[in-house]
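Peer 1: This one is model.txt, compact mmCIF, C-alpha atoms and all ligand atoms.
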# COMPACT_ATOMS: atom_id res chain seq x y z
CA VAL A 1 114.73 120.74 140.31
CA LEU A 2 116.96 122.85 138.11
CA SER A 3 120.47 121.52 137.78
CA ALA A 4 123.36 123.68 136.64
CA SER A 5 123.63 121.59 133.48
CA GLN A 6 120.04 122.30 132.37
CA ASP A 7 120.57 125.21 130.02
CA PHE A 8 117.09 125.31 128.46
CA ASP A 9 113.50 126.26 129.33
CA PHE A 10 111.30 123.93 127.27
CA PHE A 11 111.38 121.54 124.31
CA TYR A 12 110.14 121.88 120.77
CA PHE A 13 108.63 118.59 119.59
CA VAL A 14 108.99 118.83 115.81
CA GLN A 15 107.23 116.68 113.22
CA GLN A 16 107.74 116.80 109.45
CA TRP A 17 105.40 116.18 106.54
CA PRO A 18 107.28 113.71 104.29
CA GLY A 19 105.61 114.97 101.10
CA SER A 20 107.07 118.44 101.67
CA TYR A 21 110.58 117.17 102.32
CA CYS A 22 110.45 114.97 99.24
CA ASP A 23 108.99 117.40 96.70
CA SER A 24 111.52 120.15 97.50
CA LYS A 25 114.31 120.93 95.08
CA GLN A 26 116.66 118.61 97.01
CA GLY A 27 114.32 115.63 96.85
CA CYS A 28 114.50 112.71 99.25
CA CYS A 29 115.34 109.04 99.55
CA TYR A 30 113.13 106.50 101.28
CA PRO A 31 114.68 104.59 104.16
CA SER A 32 116.07 101.15 103.41
CA THR A 33 113.08 99.73 105.30
CA GLY A 34 110.67 101.12 102.67
CA LYS A 35 108.38 104.07 101.96
CA PRO A 36 107.10 105.59 105.21
CA ALA A 37 103.40 105.90 105.95
CA SER A 38 101.49 108.91 104.68
CA ASP A 39 101.68 110.57 108.09
CA PHE A 40 103.73 113.13 109.96
CA GLY A 41 107.06 111.76 111.16
CA ILE A 42 109.17 112.87 114.08
CA HIS A 43 112.08 115.21 113.31
CA GLY A 44 113.25 115.79 116.85
CA LEU A 45 112.77 116.84 120.45
CA TRP A 46 114.78 120.02 120.82
CA PRO A 47 115.73 121.79 124.06
CA ASN A 48 115.12 125.52 123.60
CA ARG A 49 115.30 128.76 125.56
CA ASP A 50 112.49 131.27 126.09
CA ASP A 51 114.49 133.90 124.16
CA GLY A 52 114.44 131.65 121.06
CA SER A 53 118.06 130.56 121.31
CA TYR A 54 119.06 126.96 121.93
CA PRO A 55 122.02 124.89 123.08
CA SER A 56 123.45 122.22 120.78
CA ASN A 57 126.04 119.44 120.83
CA CYS A 58 126.32 119.56 124.60
CA ASP A 59 128.18 116.35 125.47
CA SER A 60 130.56 114.64 123.08
CA SER A 61 131.37 112.12 125.82
CA ASN A 62 127.86 110.64 125.52
CA PRO A 63 127.48 109.81 121.81
CA PHE A 64 124.49 108.04 120.29
CA ASP A 65 124.54 104.30 121.03
CA ILE A 66 121.95 102.30 119.10
CA SER A 67 122.25 99.40 121.55
CA LYS A 68 120.57 101.60 124.18
CA ILE A 69 117.33 101.75 122.16
CA SER A 70 117.24 98.32 120.55
CA ASP A 71 113.77 97.73 121.99
CA LEU A 72 112.48 100.86 120.21
CA THR A 73 113.86 100.17 116.73
CA SER A 74 110.68 99.05 115.01
CA ARG A 75 108.69 101.97 116.41
CA MET A 76 111.50 104.34 115.41
CA GLN A 77 111.42 103.03 111.85
CA SER A 78 107.70 103.76 111.49
CA GLU A 79 107.36 106.95 113.58
CA TRP A 80 110.78 108.57 113.02
CA PRO A 81 111.72 107.67 109.43
CA THR A 82 114.66 109.34 107.71
CA LEU A 83 114.14 110.82 104.25
CA ALA A 84 117.63 112.12 103.58
CA CYS A 85 119.73 110.75 100.76
CA PRO A 86 121.31 108.32 100.28
CA SER A 87 118.82 105.73 101.56
CA ASN A 88 119.82 104.35 104.93
CA ASN A 89 118.41 102.65 108.01
CA GLY A 90 117.80 105.83 110.04
CA LEU A 91 120.67 105.55 112.49
CA ALA A 92 122.38 108.63 111.03
CA PHE A 93 119.25 110.79 111.59
CA TRP A 94 118.57 109.46 115.09
CA GLY A 95 122.23 109.77 116.02
CA HIS A 96 122.36 113.34 114.71
CA GLU A 97 119.29 114.26 116.78
CA TRP A 98 120.71 112.72 119.96
CA ASP A 99 124.18 114.21 119.52
CA LYS A 100 122.95 117.71 118.58
CA HIS A 101 119.83 118.06 120.75
CA GLY A 102 119.46 115.09 123.09
CA THR A 103 122.81 115.65 124.80
CA CYS A 104 121.54 119.09 125.88
CA SER A 105 118.73 117.56 127.95
CA GLU A 106 120.61 114.56 129.33
CA SER A 107 120.04 115.82 132.88
CA VAL A 108 116.32 115.11 132.28
CA LEU A 109 116.24 112.32 129.67
CA ASN A 110 118.81 109.60 129.09
CA GLN A 111 119.17 108.15 125.59
CA HIS A 112 116.43 105.59 126.06
CA SER A 113 114.00 108.02 127.68
CA TYR A 114 114.76 110.71 125.07
CA PHE A 115 113.58 108.51 122.21
CA ALA A 116 110.82 106.79 124.19
CA THR A 117 109.45 110.18 125.28
CA ALA A 118 109.35 111.48 121.72
CA LEU A 119 107.52 108.35 120.54
CA GLY A 120 105.03 108.76 123.38
CA LEU A 121 104.40 112.42 122.57
CA LYS A 122 103.60 111.55 118.96
CA ASN A 123 100.86 109.22 120.18
CA GLU A 124 99.28 111.92 122.34
CA ILE A 125 98.32 114.29 119.52
CA ASN A 126 97.42 112.96 116.07
CA LEU A 127 98.28 115.91 113.83
CA LEU A 128 97.04 114.41 110.59
CA GLN A 129 93.69 113.52 112.17
CA ALA A 130 93.42 117.03 113.63
CA LEU A 131 93.91 118.55 110.19
CA LYS A 132 91.60 116.09 108.41
CA SER A 133 88.85 116.79 110.96
CA ALA A 134 88.96 120.40 109.82
CA GLY A 135 88.86 119.44 106.14
CA ILE A 136 92.60 120.03 105.63
CA GLN A 137 93.89 117.08 103.62
CA PRO A 138 97.22 116.20 101.96
CA ASN A 139 95.78 116.48 98.46
CA GLY A 140 97.87 119.25 96.92
CA GLN A 141 95.31 121.96 97.72
CA LYS A 142 96.13 125.24 99.43
CA TYR A 143 95.02 126.32 102.89
CA SER A 144 95.44 129.43 105.02
CA LEU A 145 97.94 129.50 107.86
CA SER A 146 95.19 130.44 110.31
CA SER A 147 93.04 127.45 109.29
CA ILE A 148 95.96 125.08 109.90
CA GLU A 149 96.75 126.64 113.28
CA SER A 150 93.10 126.57 114.33
CA ALA A 151 92.65 122.93 113.37
CA ILE A 152 95.48 121.84 115.66
CA GLN A 153 94.48 124.25 118.43
CA ASP A 154 90.91 122.94 118.33
CA ALA A 155 91.95 119.27 118.42
CA SER A 156 94.77 119.51 120.97
CA GLY A 157 94.29 122.67 122.99
CA TYR A 158 97.74 123.93 121.95
CA THR A 159 98.71 126.53 119.36
CA PRO A 160 101.34 125.01 117.06
CA GLY A 161 104.26 126.64 115.31
CA ILE A 162 103.98 126.08 111.56
CA GLU A 163 107.06 126.03 109.31
CA CYS A 164 106.94 126.02 105.54
CA ASN A 165 109.42 125.18 102.82
CA ASN A 166 109.08 125.46 99.06
CA ASP A 167 108.25 122.79 96.54
CA SER A 168 110.37 122.57 93.39
CA SER A 169 108.11 125.16 91.70
CA GLY A 170 108.50 127.61 94.58
CA ASN A 171 105.10 127.16 96.24
CA SER A 172 105.02 127.60 100.02
CA GLN A 173 104.00 124.31 101.62
CA LEU A 174 103.41 122.78 105.06
CA TYR A 175 106.77 121.32 106.14
CA GLN A 176 107.04 121.08 109.93
CA ILE A 177 104.73 121.42 112.94
CA TYR A 178 106.16 122.47 116.31
CA LEU A 179 104.50 121.74 119.64
CA CYS A 180 106.03 122.70 122.98
CA VAL A 181 106.79 120.44 125.93
CA ASP A 182 107.71 121.40 129.49
CA SER A 183 111.35 121.18 130.60
CA SER A 184 110.73 117.91 132.47
CA ALA A 185 109.30 116.39 129.28
CA SER A 186 106.14 115.44 131.14
CA GLY A 187 103.64 116.95 128.70
CA PHE A 188 102.61 119.61 126.22
CA ILE A 189 102.51 123.31 127.19
CA GLN A 190 101.62 126.51 125.37
CA CYS A 191 104.71 127.65 123.47
CA PRO A 192 106.75 130.40 125.17
CA VAL A 193 108.07 131.47 121.75
CA PHE A 194 107.36 130.37 118.20
CA PRO A 195 109.86 129.48 115.48
CA ARG A 196 110.20 131.59 112.35
CA GLY A 197 107.63 129.98 110.12
CA ARG A 198 108.57 131.19 106.64
CA CYS A 199 105.04 130.51 105.38
CA GLY A 200 103.36 132.36 102.54
CA SER A 201 99.74 133.47 102.84
CA SER A 202 98.54 130.35 101.02
CA ILE A 203 100.03 127.01 102.03
CA GLU A 204 100.06 123.87 99.92
CA PHE A 205 99.57 120.50 101.64
CA PRO A 206 101.13 118.05 99.17
CA THR A 207 100.34 114.37 98.88
CA PHE A 208 102.77 111.69 100.01
P1 LIG B 1 116.97 125.09 109.57
O1 LIG B 1 118.13 125.98 109.34
O2 LIG B 1 116.79 124.05 108.50
O3 LIG B 1 115.71 125.76 110.00
O4 LIG B 1 117.34 124.24 110.86
C1 LIG B 1 118.49 123.45 110.86
C2 LIG B 1 118.63 122.80 112.21
O5 LIG B 1 118.82 123.78 113.24
C3 LIG B 1 117.41 122.02 112.68
O6 LIG B 1 117.42 120.72 112.17
C4 LIG B 1 117.61 122.02 114.15
O7 LIG B 1 118.58 121.06 114.50
C5 LIG B 1 118.16 123.38 114.42
N1 LIG B 1 117.12 124.38 114.72
C6 LIG B 1 116.54 125.25 113.84
N2 LIG B 1 115.67 126.05 114.47
C7 LIG B 1 115.68 125.67 115.78
C8 LIG B 1 114.99 126.14 116.93
O8 LIG B 1 114.19 127.08 116.90
N3 LIG B 1 115.26 125.50 118.10
C9 LIG B 1 116.15 124.47 118.18
N4 LIG B 1 116.35 123.91 119.39
N5 LIG B 1 116.83 124.03 117.12
C10 LIG B 1 116.59 124.61 115.93
P1 LIG B 2 118.56 119.22 112.39
O1 LIG B 2 120.03 119.52 112.43
O2 LIG B 2 117.85 120.27 111.67
O3 LIG B 2 117.98 118.73 113.66
O4 LIG B 2 118.40 117.92 111.45
C1 LIG B 2 118.67 117.97 110.10
C2 LIG B 2 119.76 116.97 109.80
O5 LIG B 2 119.26 115.63 109.85
C3 LIG B 2 120.29 117.20 108.41
O6 LIG B 2 121.68 116.96 108.47
C4 LIG B 2 119.65 116.14 107.59
O7 LIG B 2 120.45 115.70 106.53
C5 LIG B 2 119.46 115.02 108.58
N1 LIG B 2 118.28 114.24 108.24
C6 LIG B 2 118.25 112.91 108.02
N2 LIG B 2 117.01 112.50 107.74
C7 LIG B 2 116.22 113.61 107.77
C8 LIG B 2 114.84 113.81 107.56
O8 LIG B 2 114.05 112.90 107.28
N3 LIG B 2 114.40 115.09 107.71
C9 LIG B 2 115.21 116.12 108.03
N4 LIG B 2 114.68 117.33 108.15
N5 LIG B 2 116.53 115.97 108.23
C10 LIG B 2 117.02 114.71 108.10
P1 LIG B 3 121.94 119.01 107.17
O1 LIG B 3 123.27 119.35 106.58
O2 LIG B 3 121.72 119.70 108.49
O3 LIG B 3 121.70 117.54 107.11
O4 LIG B 3 120.86 119.61 106.19
C1 LIG B 3 120.82 120.96 105.85
C2 LIG B 3 119.47 121.29 105.29
O5 LIG B 3 119.24 120.55 104.07
C3 LIG B 3 118.36 120.89 106.25
O6 LIG B 3 117.29 121.82 106.14
C4 LIG B 3 117.97 119.53 105.75
O7 LIG B 3 116.65 119.21 106.12
C5 LIG B 3 118.16 119.68 104.25
N1 LIG B 3 118.51 118.40 103.62
C6 LIG B 3 119.62 117.67 103.80
N2 LIG B 3 119.58 116.54 103.05
C7 LIG B 3 118.41 116.60 102.36
C8 LIG B 3 117.78 115.73 101.42
O8 LIG B 3 118.25 114.64 101.05
N3 LIG B 3 116.57 116.15 100.95
C9 LIG B 3 115.99 117.30 101.33
N4 LIG B 3 114.80 117.62 100.85
N5 LIG B 3 116.56 118.13 102.21
C10 LIG B 3 117.74 117.78 102.72
Can the structure from this file be put into structure tokens for me?

Peer 2:
Amino acid sequence: VLSASQDFDFFYFVQQWPGSYCDSKQGCCYPSTGKPASDFGIHGLWPNRDDGSYPSNCDSSNPFDISKISDLTSRMQSEWPTLACPSNNGLAFWGHEWDKHGTCSESVLNQHSYFATALGLKNEINLLQALKSAGIQPNGQKYSLSSIESAIQDASGYTPGIECNNDSSGNSQLYQIYLCVDSSASGFIQCPVFPRGRCGSSIEFPTF
């Protein structure tokens, strides 16, 4: 059922490669809980429109409240680690994601279900395993965009959006992977529209 307050068509589920955040010119800081695993981490679950636009900061009357997800904290620390400086416990990142994006899907997901849903989605498709199965490893080597897309398509059945950033020497590298989720947040769908990827023809996959 579409409610008047649901001003989006689908979600992007976005995961980041920590090595590519950390070896950029800005660098990174590990969370106060320690260095994250060498795995993709959640960036966010972002309501989006089919035309590529998206709502943001939709409800300042419903700010992030950590007490609503106290049962999820240890999973959040391992699956949704913050890498921004200065080092912190992650609440700033999670709060930013809820306030900016989560409040725009509150007709579908309350604060607890927003974070629990994202954690559940991460378990459904193992991106690092999908890439490794195709011989694409975080070892500093370079890979083609099409090989990265195909690896995830083959393992999951869904074509991902691939976003690159630059390392401190200016090499294009694998930064974020976007998968699409239906507007009820019940499962993955083929993406209606892809993000601007900014990838070069040859993409580094750095270690972490
Ligand atoms: P950047 O400018 O680094 O690509 O993105 C900055 C922020 O804008 C992201 O962290 C995210 O909050 C938001 N953003 C960027 N692109 C998209 C998009 O395609 N869809 C949505 N929903 N948000 C986006
Ligand atoms: P966005 O607005 O693009 O959804 O999220 C980016 C914001 O979250 C930035 O303000 C950034 O400083 C903060 N942030 C905190 N930790 C991280 C992190 O690990 N990765 C990214 N991309 N942003 C983070
Ligand atoms: P924001 O102001 O939205 O937190 O961040 C703006 C941009 O700078 C985003 O693309 C975000 O990911 C990036 N950024 C913010 N803080 C850091 C940081 O400590 N390290 C890195 N590598 N990028 C950052």

Peer 1: May I ask for the distance between atom CA of Tyr12 of chain A and atom C7 of ligand LIG 1 (chain B), given in Å to one decimal place?

Peer 2: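 Computing the Euclidean distance for atom CA of Tyr12 of chain A and atom C7 of ligand LIG 1 (chain B) yields 8.4 Å.
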
Peer 1: Would you give the centre and edge lengths, in Å to one decimal, of a box along x, y and z around the listed atoms of ligand LIG 1 (chain B), with 6 Å added to each side, as lines of an AutoDock Vina configuration file?

Peer 2:
center_x = 116.5
center_y = 123.9
center_z = 113.9
size_x = 16.6
size_y = 18.4
size_z = 22.9

Peer 1: What does the list of residues within 8 Å of ligand LIG 3 (chain B) look like if you count only C-alpha atoms and all ligand atoms, written as a PyMOL selection string?

Peer 2: chain A and resi 20-29+83-86

Peer 1: Please determine the residues with any atom at most 12 Å from (104.6, 100.8, 117.0) (coordinates as given in the file, with all atoms listed in the file counting) and report them as a PyMOL selection string.

Peer 2: chain A and resi 71-80+116+119-120+122-123

Peer 1: Dump C-alpha atoms for the selected residues as a PDB file, keeping the file's coordinate frame?

Peer 2:
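Saved as out.pdb:
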ATOM      1  CA  ASP A  71     113.770  97.730 121.990  1.00  0.00           C
ATOM      2  CA  LEU A  72     112.480 100.860 120.210  1.00  0.00           C
ATOM      3  CA  THR A  73     113.860 100.170 116.730  1.00  0.00           C
ATOM      4  CA  SER A  74     110.680  99.050 115.010  1.00  0.00           C
ATOM      5  CA  ARG A  75     108.690 101.970 116.410  1.00  0.00           C
ATOM      6  CA  MET A  76     111.500 104.340 115.410  1.00  0.00           C
ATOM      7  CA  GLN A  77     111.420 103.030 111.850  1.00  0.00           C
ATOM      8  CA  SER A  78     107.700 103.760 111.490  1.00  0.00           C
ATOM      9  CA  GLU A  79     107.360 106.950 113.580  1.00  0.00           C
ATOM     10  CA  TRP A  80     110.780 108.570 113.020  1.00  0.00           C
ATOM     11  CA  ALA A 116     110.820 106.790 124.190  1.00  0.00           C
ATOM     12  CA  LEU A 119     107.520 108.350 120.540  1.00  0.00           C
ATOM     13  CA  GLY A 120     105.030 108.760 123.380  1.00  0.00           C
ATOM     14  CA  LYS A 122     103.600 111.550 118.960  1.00  0.00           C
ATOM     15  CA  ASN A 123     100.860 109.220 120.180  1.00  0.00           C
TER      16      ASN A 123
END

Peer 1: Enumerate residues in contact with ligand LIG 2 (chain B): an atom-to-atom distance of at most 7 Å, counting all atoms listed in the file. Format the result as a ChimeraX atom specification.

Peer 2: /A:21,43-44,81-84,92-93,96-97

Peer 1: Using all atoms listed in the file, can you tell me which of A:Tyr54, A:Phe10, A:Phe205, A:Tyr175 comes closest to Leu131 of chain A?

Peer 2: A:Phe205

Peer 1: Find the residues near Ile177 of chain A: any atom within 12 Å, counting all atoms listed in the file, skip ones fewer than 4 places away on the same chain, and give them as number ranges by chain.

Peer 2: A: 12-18, 20, 40-45, 122, 125-128, 131, 145, 148-149, 152-153, 158-165, 173, 194-197, 199

Peer 1: What is the atom CA of Cys104 of chain A to atom CA of Glu124 of chain A distance in Å?

Peer 2: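 So the two atoms, atom CA of Cys104 of chain A and atom CA of Glu124 of chain A, lie 23.7 Å apart.
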
Peer 1: Within 7 Å of segment 201-203 of chain A, counting all atoms listed in the file, which residues qualify if same-chain residues fewer than 4 places away don't, as a PyMOL selection string?

Peer 2: chain A and resi 142-145+172-174

Peer 1: In Å to one decimal, how far is atom CA of Ser70 of chain A from atom C9 of ligand LIG 1 (chain B)?

Peer 2: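 Atom-to-atom, atom C9 of ligand LIG 1 (chain B) and atom CA of Ser70 of chain A are spaced 26.3 Å apart.
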
Peer 1: Given a cut-off of 7 Å, what residues near ligand LIG 1 (chain B) show up using only C-alpha atoms and all ligand atoms, put as a PyMOL selection string?

Peer 2: chain A and resi 12+46-48+52-55+100-101+195

Peer 1: Go through A:Gly140, A:Ala130, A:Ser183, A:Gly170 one by one, measure the shortest atom-to-atom distance of each to Glu106 of chain A using only C-alpha atoms, and give the residue with the smallest value.

Peer 2: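 Among A:Gly140, A:Ala130, A:Ser183, A:Gly170, it is A:Ser183 that comes nearest to Glu106 of chain A.
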
Peer 1: Which residue is closest to Leu109 of chain A? Choose from A:Ala37, A:Ala134, A:Ala185, A:Leu179 and count all atoms listed in the file.

Peer 2: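 Using all atoms listed in the file, the shortest distance to Leu109 of chain A belongs to A:Ala185.
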
Peer 1: Got a sec: who's within 6 Å of Pro31 of chain A, counting all atoms listed in the file, leaving out chain neighbours fewer than 4 positions off, as an MDAnalysis selection string?

Peer 2: chainID A and resid 82 87:89
